[in-house]
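Quick look at start-v6.pdb (PDB, C-alpha atoms):
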MODEL        1
ATOM      1  CA  MET A  29      71.513 -24.157  -8.143
ATOM      2  CA  PRO A  30      69.005 -21.701  -6.646
ATOM      3  CA  VAL A  31      71.474 -19.263  -5.094
ATOM      4  CA  LYS A  32      74.679 -17.854  -6.559
ATOM      5  CA  GLY A  33      77.493 -15.703  -5.283
ATOM      6  CA  VAL A  34      77.324 -16.753  -1.638
ATOM      7  CA  TYR A  35      80.288 -18.453  -0.012
ATOM      8  CA  ARG A  36      79.851 -21.607   1.981
ATOM      9  CA  VAL A  37      81.563 -22.312   5.272
ATOM     10  CA  GLY A  38      83.786 -25.373   5.433
ATOM     11  CA  GLY A  39      87.333 -26.628   5.209
ATOM     12  CA  LEU A  40      89.747 -24.292   6.980
ATOM     13  CA  GLY A  41      87.366 -21.336   6.960
ATOM     14  CA  THR A  42      85.998 -18.934   4.377
ATOM     15  CA  THR A  43      85.876 -15.199   3.935
ATOM     16  CA  VAL A  44      82.916 -12.986   3.197
ATOM     17  CA  GLY A  45      84.338  -9.576   2.457
ATOM     18  CA  ALA A  46      86.825  -8.939   5.224
ATOM     19  CA  CYS A  47      85.181 -11.387   7.598
ATOM     20  CA  VAL A  48      87.327 -14.464   8.281
ATOM     21  CA  LEU A  49      86.358 -17.662  10.044
ATOM     22  CA  LEU A  50      89.482 -18.785  11.879
ATOM     23  CA  VAL A  51      90.332 -22.344  12.843
ATOM     24  CA  ALA A  52      90.602 -21.169  16.433
ATOM     25  CA  GLY A  53      86.962 -20.126  16.605
ATOM     26  CA  VAL A  54      83.755 -19.282  14.783
ATOM     27  CA  SER A  55      82.938 -15.940  13.248
ATOM     28  CA  ALA A  56      79.611 -14.378  14.047
ATOM     29  CA  CYS A  57      79.720 -11.922  11.137
ATOM     30  CA  GLY A  58      77.556 -13.743   8.644
ATOM     31  CA  THR A  59      79.856 -16.242   6.957
ATOM     32  CA  SER A  60      77.568 -18.380   4.911
ATOM     33  CA  HIS A  61      76.766 -21.416   2.912
ATOM     34  CA  LYS A  62      75.218 -22.061  -0.477
ATOM     35  CA  PRO A  63      72.421 -24.515  -1.070
ATOM     36  CA  SER A  64      74.029 -27.372  -2.974
ATOM     37  CA  ARG A  65      71.733 -28.641  -5.695
ATOM     38  CA  SER A  66      72.364 -31.552  -8.008
ATOM     39  CA  THR A  67      72.523 -30.547 -11.669
ATOM     40  CA  SER A  68      70.974 -33.813 -12.744
ATOM     41  CA  GLY A  69      67.505 -32.453 -11.994
ATOM     42  CA  PRO A  70      65.095 -33.099  -9.141
ATOM     43  CA  ALA A  71      63.566 -36.503  -8.609
ATOM     44  CA  LYS A  72      59.873 -36.819  -7.971
ATOM     45  CA  ALA A  73      59.402 -38.060  -4.441
ATOM     46  CA  SER A  74      57.007 -40.734  -3.326
ATOM     47  CA  GLU A  75      55.471 -39.787  -0.003
ATOM     48  CA  THR A  76      56.213 -43.035   1.791
ATOM     49  CA  SER A  77      55.557 -43.603   5.463
ATOM     50  CA  GLY A  78      58.257 -44.225   8.025
ATOM     51  CA  ALA A  79      56.793 -47.649   8.707
ATOM     52  CA  GLN A  80      57.147 -48.635   5.054
ATOM     53  CA  ALA A  81      60.736 -47.415   5.031
ATOM     54  CA  ALA A  82      61.825 -49.072   8.269
ATOM     55  CA  ALA A  83      62.970 -52.254   6.588
ATOM     56  CA  SER A  84      65.617 -50.295   4.678
ATOM     57  CA  ASP A  85      67.191 -48.813   7.800
ATOM     58  CA  PRO A  86      70.283 -50.847   8.761
ATOM     59  CA  SER A  87      71.586 -51.058  12.303
ATOM     60  CA  PRO A  88      74.096 -48.313  13.097
ATOM     61  CA  ALA A  89      77.774 -49.138  13.389
ATOM     62  CA  ALA A  90      78.914 -50.134  16.865
ATOM     63  CA  GLY A  91      79.163 -47.158  19.191
ATOM     64  CA  VAL A  92      77.491 -44.776  16.731
ATOM     65  CA  ARG A  93      74.513 -42.746  17.949
ATOM     66  CA  LEU A  94      72.050 -41.714  15.253
ATOM     67  CA  PRO A  95      70.223 -38.378  15.290
ATOM     68  CA  PRO A  96      66.698 -38.513  16.703
ATOM     69  CA  ARG A  97      63.811 -38.455  14.266
ATOM     70  CA  HIS A  98      61.441 -35.490  14.062
ATOM     71  CA  ALA A  99      63.419 -33.319  16.476
ATOM     72  CA  GLY A 100      63.943 -29.576  16.734
ATOM     73  CA  PHE A 101      66.831 -28.645  14.423
ATOM     74  CA  ASP A 102      69.038 -25.633  13.748
ATOM     75  CA  TYR A 103      71.521 -25.190  10.907
ATOM     76  CA  GLN A 104      74.397 -23.061  12.218
ATOM     77  CA  ILE A 105      77.209 -23.685   9.737
ATOM     78  CA  GLY A 106      77.571 -19.937   9.112
ATOM     79  CA  GLY A 107      78.386 -19.207  12.749
ATOM     80  CA  ALA A 108      77.595 -20.687  16.146
ATOM     81  CA  TYR A 109      75.097 -19.092  18.521
ATOM     82  CA  PRO A 110      72.971 -20.305  21.457
ATOM     83  CA  PRO A 111      70.408 -22.754  20.048
ATOM     84  CA  PRO A 112      66.773 -21.595  20.229
ATOM     85  CA  ALA A 113      64.392 -23.263  22.667
ATOM     86  CA  GLY A 114      63.225 -26.686  21.548
ATOM     87  CA  VAL A 115      66.275 -27.455  19.427
ATOM     88  CA  ARG A 116      67.760 -30.924  19.944
ATOM     89  CA  ILE A 117      70.004 -31.188  16.857
ATOM     90  CA  VAL A 118      72.556 -28.618  15.664
ATOM     91  CA  SER A 119      74.876 -28.665  12.648
ATOM     92  CA  ARG A 120      77.978 -26.452  12.901
ATOM     93  CA  ASP A 121      81.181 -25.963  10.961
ATOM     94  CA  ARG A 122      84.075 -28.151  12.051
ATOM     95  CA  THR A 123      85.952 -25.097  13.358
ATOM     96  CA  ALA A 124      83.202 -24.507  15.929
ATOM     97  CA  SER A 125      82.590 -26.252  19.228
ATOM     98  CA  PRO A 126      79.545 -28.484  19.781
ATOM     99  CA  ALA A 127      76.496 -27.149  21.611
ATOM    100  CA  PRO A 128      76.392 -28.666  25.111
ATOM    101  CA  GLY A 129      73.676 -31.229  25.728
ATOM    102  CA  LEU A 130      72.465 -31.487  22.117
ATOM    103  CA  TYR A 131      73.039 -33.858  19.197
ATOM    104  CA  ASN A 132      75.841 -32.151  17.263
ATOM    105  CA  ILE A 133      76.717 -32.580  13.579
ATOM    106  CA  CYS A 134      80.082 -31.434  12.237
ATOM    107  CA  TYR A 135      80.126 -29.868   8.751
ATOM    108  CA  VAL A 136      83.159 -30.481   6.492
ATOM    109  CA  ASN A 137      83.644 -29.523   2.838
ATOM    110  CA  ALA A 138      84.818 -32.922   1.659
ATOM    111  CA  PHE A 139      84.691 -33.018  -2.153
ATOM    112  CA  GLN A 140      85.885 -29.511  -3.073
ATOM    113  CA  ALA A 141      88.641 -27.148  -1.888
ATOM    114  CA  GLN A 142      87.712 -23.796  -0.399
ATOM    115  CA  PRO A 143      89.205 -20.868  -2.379
ATOM    116  CA  ASP A 144      91.448 -19.890   0.532
ATOM    117  CA  GLU A 145      92.798 -23.418   1.029
ATOM    118  CA  ARG A 146      93.258 -24.503  -2.587
ATOM    119  CA  GLY A 147      96.994 -23.797  -2.421
ATOM    120  CA  SER A 148      97.417 -26.163   0.506
ATOM    121  CA  TRP A 149      96.288 -29.177  -1.518
ATOM    122  CA  PRO A 150      98.851 -31.178  -3.540
ATOM    123  CA  ALA A 151      98.549 -30.079  -7.158
ATOM    124  CA  ASP A 152      97.798 -33.587  -8.392
ATOM    125  CA  LEU A 153      94.795 -33.898  -6.070
ATOM    126  CA  LEU A 154      92.979 -31.026  -7.762
ATOM    127  CA  LEU A 155      90.811 -32.296 -10.605
ATOM    128  CA  ARG A 156      92.164 -31.187 -14.007
ATOM    129  CA  ASP A 157      90.724 -31.326 -17.477
ATOM    130  CA  GLY A 158      92.499 -32.590 -20.608
ATOM    131  CA  ARG A 159      94.430 -29.323 -20.889
ATOM    132  CA  GLY A 160      95.659 -29.521 -17.319
ATOM    133  CA  LYS A 161      93.332 -26.759 -16.107
ATOM    134  CA  VAL A 162      91.831 -27.152 -12.643
ATOM    135  CA  VAL A 163      88.091 -27.827 -12.742
ATOM    136  CA  VAL A 164      86.287 -25.272 -10.586
ATOM    137  CA  ASP A 165      82.760 -25.026  -9.273
ATOM    138  CA  GLU A 166      82.272 -21.597 -10.824
ATOM    139  CA  ASP A 167      79.387 -20.587  -8.582
ATOM    140  CA  TRP A 168      81.559 -20.835  -5.477
ATOM    141  CA  GLY A 169      85.146 -20.672  -6.778
ATOM    142  CA  GLU A 170      85.968 -24.075  -5.323
ATOM    143  CA  ALA A 171      88.340 -26.484  -7.031
ATOM    144  CA  LEU A 172      87.013 -30.024  -7.299
ATOM    145  CA  LEU A 173      89.152 -32.721  -5.718
ATOM    146  CA  ASP A 174      90.406 -35.581  -7.872
ATOM    147  CA  ILE A 175      88.854 -38.811  -6.600
ATOM    148  CA  ARG A 176      89.027 -40.768  -9.871
ATOM    149  CA  THR A 177      91.392 -43.528  -8.717
ATOM    150  CA  PRO A 178      91.617 -45.615  -5.533
ATOM    151  CA  ALA A 179      95.052 -44.160  -4.776
ATOM    152  CA  LYS A 180      93.870 -40.569  -5.058
ATOM    153  CA  ARG A 181      90.689 -41.277  -3.131
ATOM    154  CA  ALA A 182      92.794 -42.700  -0.314
ATOM    155  CA  ARG A 183      95.009 -39.603  -0.201
ATOM    156  CA  VAL A 184      92.106 -37.172  -0.204
ATOM    157  CA  ALA A 185      90.284 -39.272   2.385
ATOM    158  CA  ALA A 186      93.351 -39.220   4.618
ATOM    159  CA  ARG A 187      93.206 -35.430   4.790
ATOM    160  CA  ILE A 188      89.439 -35.221   5.222
ATOM    161  CA  GLY A 189      89.760 -38.042   7.728
ATOM    162  CA  GLY A 190      91.968 -35.804   9.851
ATOM    163  CA  TRP A 191      89.153 -33.277   9.956
ATOM    164  CA  ILE A 192      86.711 -36.032  10.908
ATOM    165  CA  ASP A 193      89.055 -37.050  13.723
ATOM    166  CA  GLY A 194      89.015 -33.420  14.863
ATOM    167  CA  CYS A 195      85.220 -33.447  14.946
ATOM    168  CA  ALA A 196      85.288 -36.548  17.131
ATOM    169  CA  ALA A 197      87.907 -35.041  19.440
ATOM    170  CA  LYS A 198      85.702 -31.989  19.982
ATOM    171  CA  GLY A 199      82.788 -34.181  21.005
ATOM    172  CA  TYR A 200      80.571 -34.121  17.933
ATOM    173  CA  ASP A 201      78.099 -36.955  17.397
ATOM    174  CA  ALA A 202      78.088 -36.977  13.597
ATOM    175  CA  VAL A 203      79.712 -35.542  10.485
ATOM    176  CA  GLU A 204      78.158 -33.898   7.400
ATOM    177  CA  PRO A 205      80.475 -34.096   4.349
ATOM    178  CA  ASP A 206      79.375 -31.533   1.767
ATOM    179  CA  ASN A 207      79.479 -31.639  -2.059
ATOM    180  CA  TYR A 208      78.759 -35.334  -2.545
ATOM    181  CA  ASP A 209      77.181 -34.170  -5.814
ATOM    182  CA  SER A 210      80.347 -32.488  -7.138
ATOM    183  CA  TYR A 211      80.635 -35.176  -9.816
ATOM    184  CA  THR A 212      77.655 -33.529 -11.523
ATOM    185  CA  ARG A 213      79.795 -30.386 -11.936
ATOM    186  CA  SER A 214      82.978 -32.189 -13.030
ATOM    187  CA  ARG A 215      82.531 -31.920 -16.820
ATOM    188  CA  HIS A 216      82.022 -35.700 -16.872
ATOM    189  CA  LEU A 217      85.470 -36.358 -15.378
ATOM    190  CA  LEU A 218      84.029 -37.810 -12.171
ATOM    191  CA  THR A 219      81.265 -40.376 -11.878
ATOM    192  CA  ALA A 220      78.652 -41.315  -9.325
ATOM    193  CA  ASN A 221      80.719 -44.450  -8.645
ATOM    194  CA  ASP A 222      83.745 -42.270  -7.809
ATOM    195  CA  ALA A 223      81.658 -40.226  -5.395
ATOM    196  CA  THR A 224      80.150 -43.290  -3.739
ATOM    197  CA  ALA A 225      83.526 -44.993  -3.389
ATOM    198  CA  PHE A 226      84.985 -41.870  -1.791
ATOM    199  CA  ILE A 227      82.180 -41.246   0.671
ATOM    200  CA  THR A 228      82.390 -44.915   1.677
ATOM    201  CA  LEU A 229      85.965 -44.247   2.829
ATOM    202  CA  LEU A 230      84.722 -41.280   4.858
ATOM    203  CA  SER A 231      81.942 -43.408   6.353
ATOM    204  CA  ARG A 232      84.455 -45.975   7.552
ATOM    205  CA  ARG A 233      86.603 -43.242   9.107
ATOM    206  CA  ALA A 234      83.602 -41.640  10.799
ATOM    207  CA  HIS A 235      82.308 -44.935  12.165
ATOM    208  CA  ALA A 236      85.775 -45.841  13.431
ATOM    209  CA  ARG A 237      85.612 -42.597  15.450
ATOM    210  CA  HIS A 238      82.077 -43.481  16.650
ATOM    211  CA  LEU A 239      80.485 -40.743  14.548
ATOM    212  CA  ALA A 240      77.352 -41.088  12.454
ATOM    213  CA  ILE A 241      77.664 -39.744   8.909
ATOM    214  CA  GLY A 242      75.056 -37.939   6.856
ATOM    215  CA  GLN A 243      74.381 -37.790   3.138
ATOM    216  CA  LYS A 244      74.260 -34.150   2.019
ATOM    217  CA  ASN A 245      71.729 -33.644  -0.787
ATOM    218  CA  THR A 246      72.392 -35.793  -3.927
ATOM    219  CA  VAL A 247      68.938 -37.369  -3.958
ATOM    220  CA  GLU A 248      69.790 -39.548  -6.963
ATOM    221  CA  LEU A 249      72.231 -41.555  -4.812
ATOM    222  CA  ALA A 250      69.966 -41.945  -1.772
ATOM    223  CA  GLY A 251      69.220 -45.547  -2.726
ATOM    224  CA  LEU A 252      72.913 -46.386  -2.261
ATOM    225  CA  ARG A 253      73.017 -45.314   1.381
ATOM    226  CA  LYS A 254      73.600 -48.877   2.670
ATOM    227  CA  ARG A 255      76.480 -49.491   0.285
ATOM    228  CA  ALA A 256      78.024 -46.144   1.195
ATOM    229  CA  GLY A 257      77.499 -46.609   4.938
ATOM    230  CA  LEU A 258      75.437 -43.446   5.387
ATOM    231  CA  ASP A 259      73.242 -43.032   8.452
ATOM    232  CA  PHE A 260      70.973 -40.022   7.866
ATOM    233  CA  ALA A 261      70.398 -37.234   5.347
ATOM    234  CA  VAL A 262      70.810 -33.465   5.338
ATOM    235  CA  ALA A 263      68.542 -32.216   2.566
ATOM    236  CA  GLU A 264      68.462 -28.613   1.413
ATOM    237  CA  GLU A 265      65.234 -27.488  -0.251
ATOM    238  CA  CYS A 266      63.900 -31.017  -0.594
ATOM    239  CA  ALA A 267      60.335 -29.727  -0.331
ATOM    240  CA  GLU A 268      61.011 -27.050  -2.935
ATOM    241  CA  TYR A 269      62.196 -29.758  -5.336
ATOM    242  CA  ASP A 270      59.783 -32.553  -4.308
ATOM    243  CA  GLU A 271      62.579 -34.749  -2.966
ATOM    244  CA  CYS A 272      61.725 -35.127   0.734
ATOM    245  CA  GLY A 273      59.800 -38.355   0.250
ATOM    246  CA  THR A 274      62.764 -40.003  -1.461
ATOM    247  CA  TYR A 275      65.071 -39.097   1.415
ATOM    248  CA  ALA A 276      62.474 -40.137   4.006
ATOM    249  CA  LYS A 277      62.103 -43.567   2.404
ATOM    250  CA  ALA A 278      65.843 -44.158   2.034
ATOM    251  CA  PHE A 279      66.763 -42.953   5.532
ATOM    252  CA  ASP A 280      63.731 -44.090   7.528
ATOM    253  CA  ASP A 281      62.737 -40.491   8.319
ATOM    254  CA  ARG A 282      66.173 -39.592   9.723
ATOM    255  CA  VAL A 283      66.215 -36.494   7.536
ATOM    256  CA  LEU A 284      67.198 -32.934   8.446
ATOM    257  CA  VAL A 285      65.484 -30.501   6.095
ATOM    258  CA  ILE A 286      66.671 -26.945   5.445
ATOM    259  CA  GLU A 287      64.397 -24.722   3.373
ATOM    260  CA  TYR A 288      65.438 -21.238   2.274
ATOM    261  CA  SER A 289      62.018 -19.757   1.512
ATOM    262  CA  ASP A 290      58.730 -19.432   3.337
ATOM    263  CA  GLY A 291      57.037 -21.337   0.523
ATOM    264  CA  GLY A 292      59.504 -24.193   0.875
ATOM    265  CA  LEU A 293      58.935 -24.286   4.619
ATOM    266  CA  ARG A 294      55.157 -24.396   4.192
ATOM    267  CA  LYS A 295      55.462 -27.221   1.694
ATOM    268  CA  ALA A 296      57.838 -29.193   3.939
ATOM    269  CA  LEU A 297      55.545 -28.815   6.930
ATOM    270  CA  ALA A 298      52.475 -29.734   4.918
ATOM    271  CA  GLY A 299      53.960 -33.058   3.888
ATOM    272  CA  PHE A 300      56.353 -33.967   6.689
ATOM    273  CA  ARG A 301      55.587 -31.908   9.816
ATOM    274  CA  ASP A 302      55.197 -35.011  11.997
ATOM    275  CA  ARG A 303      58.051 -37.018  10.488
ATOM    276  CA  LEU A 304      61.157 -35.024   9.612
ATOM    277  CA  SER A 305      63.311 -32.379  11.310
ATOM    278  CA  ILE A 306      62.557 -29.150   9.442
ATOM    279  CA  VAL A 307      63.935 -25.618   9.664
ATOM    280  CA  ARG A 308      63.767 -22.493   7.515
ATOM    281  CA  ARG A 309      67.047 -20.565   7.409
ATOM    282  CA  ASP A 310      68.351 -17.599   5.463
ATOM    283  CA  VAL A 311      70.627 -18.530   2.563
ATOM    284  CA  MET A 312      73.538 -16.821   4.337
ATOM    285  CA  VAL A 313      72.985 -19.201   7.282
ATOM    286  CA  SER A 314      73.842 -16.158   9.363
ATOM    287  CA  THR A 315      73.829 -15.458  13.075
ATOM    288  CA  PRO A 316      71.222 -13.478  15.036
ATOM    289  CA  GLY A 317      71.758  -9.739  14.795
ATOM    290  CA  SER A 318      73.517  -9.933  11.428
ATOM    291  CA  GLY A 319      70.700  -8.306   9.469
ATOM    292  CA  HIS A 320      70.231 -11.406   7.303
ATOM    293  CA  TYR A 321      69.223 -13.852  10.012
ATOM    294  CA  VAL A 322      66.055 -15.867   9.496
ATOM    295  CA  ARG A 323      65.080 -18.969  11.376
ATOM    296  CA  LYS A 324      61.612 -20.473  11.424
ATOM    297  CA  ALA A 325      60.341 -23.914  12.385
ATOM    298  CA  GLY A 326      56.998 -25.676  12.474
TER     299      GLY A 326
ENDMDL
END

Would you mind writing the structure in this file as structure tokens?
Amino acid sequence: MPVKGVYRVGGLGTTVGACVLLVAGVSACGTSHKPSRSTSGPAKASETSGAQAAASDPSPAAGVRLPPRHAGFDYQIGGAYPPPAGVRIVSRDRTASPAPGLYNICYVNAFQAQPDERGSWPADLLLRDGRGKVVVDEDWGEALLDIRTPAKRARVAARIGGWIDGCAAKGYDAVEPDNYDSYTRSRHLLTANDATAFITLLSRRAHARHLAIGQKNTVELAGLRKRAGLDFAVAEECAEYDECGTYAKAFDDRVLVIEYSDGGLRKALAGFRDRLSIVRRDVMVSTPGSGHYVRKAG
């Protein structure tokens, strides 16, 4: 993972120092997100054209509106603010309200428990090792959720499904479940099949609420998007890790790219300027005026 020690927004809200994101609204004090990288190593991307990939793009579920391709994009999961000119797609935390008149994506932390909400989860739904110790994503202090059996997947999905319902009720167009790749940090207790089975449950819930659903990172599972019912991709640092072509092929160019360095942005624009939705953000995903805020686009 390229960045450590930065909290990610999601779930019921996170704290950065004394700054708290409340369910009733969105903080503008720099609550942030960490780039979520797979530990299995980057895949070399083939730079395939959208036309070549089109055959792999299934029809969306009934009543589901997909995000536009190659559209102005802003990643606002660390706090909502008025979208810059030219933006057509915005991703915000589920505690925030959608941006009027734009395509809105609702961020939820679906595979791990935020540090401040861990106690609200049933003890048996937190993943435990052979000694009964909760398995934690040490970089972010988040307990992994136990999705090893159909029964447990159903229980976890019921809770996350309530959050998805909340996104739909607020008027979002799509949902972005984070930490699909948590199985790579599970000490071999979870598998890719567990993750795929779980996100399939979330896809069904999202589609039932007429929401599109995005795959967050996890390039090694992009080829399973049809089986999992995923509609588009949200890819952090895919240019930095030579993964953008893999996502573009799997999702027929419906890919939202977030780079966290100027070099990553240049690389993304060089290869995909006319195909994908690309933005450069600061790793804190902060709001304007915070002192950390960076947003650049091609």

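Pairwise distance (atom CA of A:Ala108, atom CA of A:Gln140) equals 22.7 Å.
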
Selection under test: the PyMOL selection byres ((chain A and resi 129-132) around 9); residues as an MDAnalysis selection string:
chainID A and resid 94:96 115:120 126:128 133:134 199:203

Straight-line distance linking atom CA of A:His216 with atom CA of A:Leu230, stated in Å to one decimal:
22.6 Å

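Here atom CA of A:Ser148 is placed at a distance of 15.0 Å from atom CA of A:Ala185.
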
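When all atoms listed in the file are used to compute distances to A:Ala138, the closest of the residues A:Lys324, A:Arg97, A:Arg122, A:Arg215 turns out to be A:Arg122.
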
Test item: residues at most 7 Å from A:Leu284, all atoms listed in the file, excluding those fewer than 3 positions along its chain, as a PyMOL selection string:
chain A and resi 261-263+304-306

Given the point (79.6, -35.7, -1.4) in the file's coordinates, find the residues that have an atom at most 12 Å from it, counting all atoms listed in the file, and give them as a VMD selection string.
chain A and resid 64 to 66 135 to 140 172 to 173 175 185 188 203 to 213 218 to 231 241 to 250 253 256 258 261 to 262

Output of the above residues as a PDB file, in the frame of the given file, restricted to C-alpha atoms:
ATOM      1  CA  SER A  64      74.029 -27.372  -2.974  1.00  0.00           C
ATOM      2  CA  ARG A  65      71.733 -28.641  -5.695  1.00  0.00           C
ATOM      3  CA  SER A  66      72.364 -31.552  -8.008  1.00  0.00           C
ATOM      4  CA  TYR A 135      80.126 -29.868   8.751  1.00  0.00           C
ATOM      5  CA  VAL A 136      83.159 -30.481   6.492  1.00  0.00           C
ATOM      6  CA  ASN A 137      83.644 -29.523   2.838  1.00  0.00           C
ATOM      7  CA  ALA A 138      84.818 -32.922   1.659  1.00  0.00           C
ATOM      8  CA  PHE A 139      84.691 -33.018  -2.153  1.00  0.00           C
ATOM      9  CA  GLN A 140      85.885 -29.511  -3.073  1.00  0.00           C
ATOM     10  CA  LEU A 172      87.013 -30.024  -7.299  1.00  0.00           C
ATOM     11  CA  LEU A 173      89.152 -32.721  -5.718  1.00  0.00           C
ATOM     12  CA  ILE A 175      88.854 -38.811  -6.600  1.00  0.00           C
ATOM     13  CA  ALA A 185      90.284 -39.272   2.385  1.00  0.00           C
ATOM     14  CA  ILE A 188      89.439 -35.221   5.222  1.00  0.00           C
ATOM     15  CA  VAL A 203      79.712 -35.542  10.485  1.00  0.00           C
ATOM     16  CA  GLU A 204      78.158 -33.898   7.400  1.00  0.00           C
ATOM     17  CA  PRO A 205      80.475 -34.096   4.349  1.00  0.00           C
ATOM     18  CA  ASP A 206      79.375 -31.533   1.767  1.00  0.00           C
ATOM     19  CA  ASN A 207      79.479 -31.639  -2.059  1.00  0.00           C
ATOM     20  CA  TYR A 208      78.759 -35.334  -2.545  1.00  0.00           C
ATOM     21  CA  ASP A 209      77.181 -34.170  -5.814  1.00  0.00           C
ATOM     22  CA  SER A 210      80.347 -32.488  -7.138  1.00  0.00           C
ATOM     23  CA  TYR A 211      80.635 -35.176  -9.816  1.00  0.00           C
ATOM     24  CA  THR A 212      77.655 -33.529 -11.523  1.00  0.00           C
ATOM     25  CA  ARG A 213      79.795 -30.386 -11.936  1.00  0.00           C
ATOM     26  CA  LEU A 218      84.029 -37.810 -12.171  1.00  0.00           C
ATOM     27  CA  THR A 219      81.265 -40.376 -11.878  1.00  0.00           C
ATOM     28  CA  ALA A 220      78.652 -41.315  -9.325  1.00  0.00           C
ATOM     29  CA  ASN A 221      80.719 -44.450  -8.645  1.00  0.00           C
ATOM     30  CA  ASP A 222      83.745 -42.270  -7.809  1.00  0.00           C
ATOM     31  CA  ALA A 223      81.658 -40.226  -5.395  1.00  0.00           C
ATOM     32  CA  THR A 224      80.150 -43.290  -3.739  1.00  0.00           C
ATOM     33  CA  ALA A 225      83.526 -44.993  -3.389  1.00  0.00           C
ATOM     34  CA  PHE A 226      84.985 -41.870  -1.791  1.00  0.00           C
ATOM     35  CA  ILE A 227      82.180 -41.246   0.671  1.00  0.00           C
ATOM     36  CA  THR A 228      82.390 -44.915   1.677  1.00  0.00           C
ATOM     37  CA  LEU A 229      85.965 -44.247   2.829  1.00  0.00           C
ATOM     38  CA  LEU A 230      84.722 -41.280   4.858  1.00  0.00           C
ATOM     39  CA  SER A 231      81.942 -43.408   6.353  1.00  0.00           C
ATOM     40  CA  ILE A 241      77.664 -39.744   8.909  1.00  0.00           C
ATOM     41  CA  GLY A 242      75.056 -37.939   6.856  1.00  0.00           C
ATOM     42  CA  GLN A 243      74.381 -37.790   3.138  1.00  0.00           C
ATOM     43  CA  LYS A 244      74.260 -34.150   2.019  1.00  0.00           C
ATOM     44  CA  ASN A 245      71.729 -33.644  -0.787  1.00  0.00           C
ATOM     45  CA  THR A 246      72.392 -35.793  -3.927  1.00  0.00           C
ATOM     46  CA  VAL A 247      68.938 -37.369  -3.958  1.00  0.00           C
ATOM     47  CA  GLU A 248      69.790 -39.548  -6.963  1.00  0.00           C
ATOM     48  CA  LEU A 249      72.231 -41.555  -4.812  1.00  0.00           C
ATOM     49  CA  ALA A 250      69.966 -41.945  -1.772  1.00  0.00           C
ATOM     50  CA  ARG A 253      73.017 -45.314   1.381  1.00  0.00           C
ATOM     51  CA  ALA A 256      78.024 -46.144   1.195  1.00  0.00           C
ATOM     52  CA  LEU A 258      75.437 -43.446   5.387  1.00  0.00           C
ATOM     53  CA  ALA A 261      70.398 -37.234   5.347  1.00  0.00           C
ATOM     54  CA  VAL A 262      70.810 -33.465   5.338  1.00  0.00           C
TER      55      VAL A 262
END

Since I can't run it myself right now, could you work out what the PyMOL selection byres ((chain A and resi 297) around 12) selects here and report it as a PyMOL selection string?
chain A and resi 98+266-268+272+285-287+290-296+298-308+324-326

Just-selected residues, C-alpha atoms written as a tab-separated table (two decimals), in the frame of the given file:
chain	number	residue	atom	x	y	z
A	98	HIS	CA	61.44	-35.49	14.06
A	266	CYS	CA	63.90	-31.02	-0.59
A	267	ALA	CA	60.34	-29.73	-0.33
A	268	GLU	CA	61.01	-27.05	-2.94
A	272	CYS	CA	61.72	-35.13	0.73
A	285	VAL	CA	65.48	-30.50	6.10
A	286	ILE	CA	66.67	-26.94	5.44
A	287	GLU	CA	64.40	-24.72	3.37
A	290	ASP	CA	58.73	-19.43	3.34
A	291	GLY	CA	57.04	-21.34	0.52
A	292	GLY	CA	59.50	-24.19	0.88
A	293	LEU	CA	58.94	-24.29	4.62
A	294	ARG	CA	55.16	-24.40	4.19
A	295	LYS	CA	55.46	-27.22	1.69
A	296	ALA	CA	57.84	-29.19	3.94
A	298	ALA	CA	52.48	-29.73	4.92
A	299	GLY	CA	53.96	-33.06	3.89
A	300	PHE	CA	56.35	-33.97	6.69
A	301	ARG	CA	55.59	-31.91	9.82
A	302	ASP	CA	55.20	-35.01	12.00
A	303	ARG	CA	58.05	-37.02	10.49
A	304	LEU	CA	61.16	-35.02	9.61
A	305	SER	CA	63.31	-32.38	11.31
A	306	ILE	CA	62.56	-29.15	9.44
A	307	VAL	CA	63.94	-25.62	9.66
A	308	ARG	CA	63.77	-22.49	7.52
A	324	LYS	CA	61.61	-20.47	11.42
A	325	ALA	CA	60.34	-23.91	12.38
A	326	GLY	CA	57.00	-25.68	12.47

Take every atom of stretch 221-235 of chain A listed in the file, pad by 8 Å on each side, and give me the axis-aligned box centre and edge lengths in Å, one decimal, as JSON.
{"center_x": 83.4, "center_y": -43.1, "center_z": 1.8, "size_x": 22.5, "size_y": 21.7, "size_z": 36.8}

Using only C-alpha atoms, the residue out of A:Pro110, A:Arg282, A:Pro150, A:Gly317 with shortest distance to A:Arg187 is A:Pro150

For A:Arg93, list every protein, DNA or RNA residue within 10 Å, evaluated using all atoms listed in the file, and leave out those in the same chain fewer than 4 positions away; present the list as a ChimeraX atom specification.
/A:88-89,131,201-202,235,238-240,259

For A:Glu265, the closest of A:Leu217, A:Val311, A:Ala171, A:Ala179 counting only C-alpha atoms is A:Val311
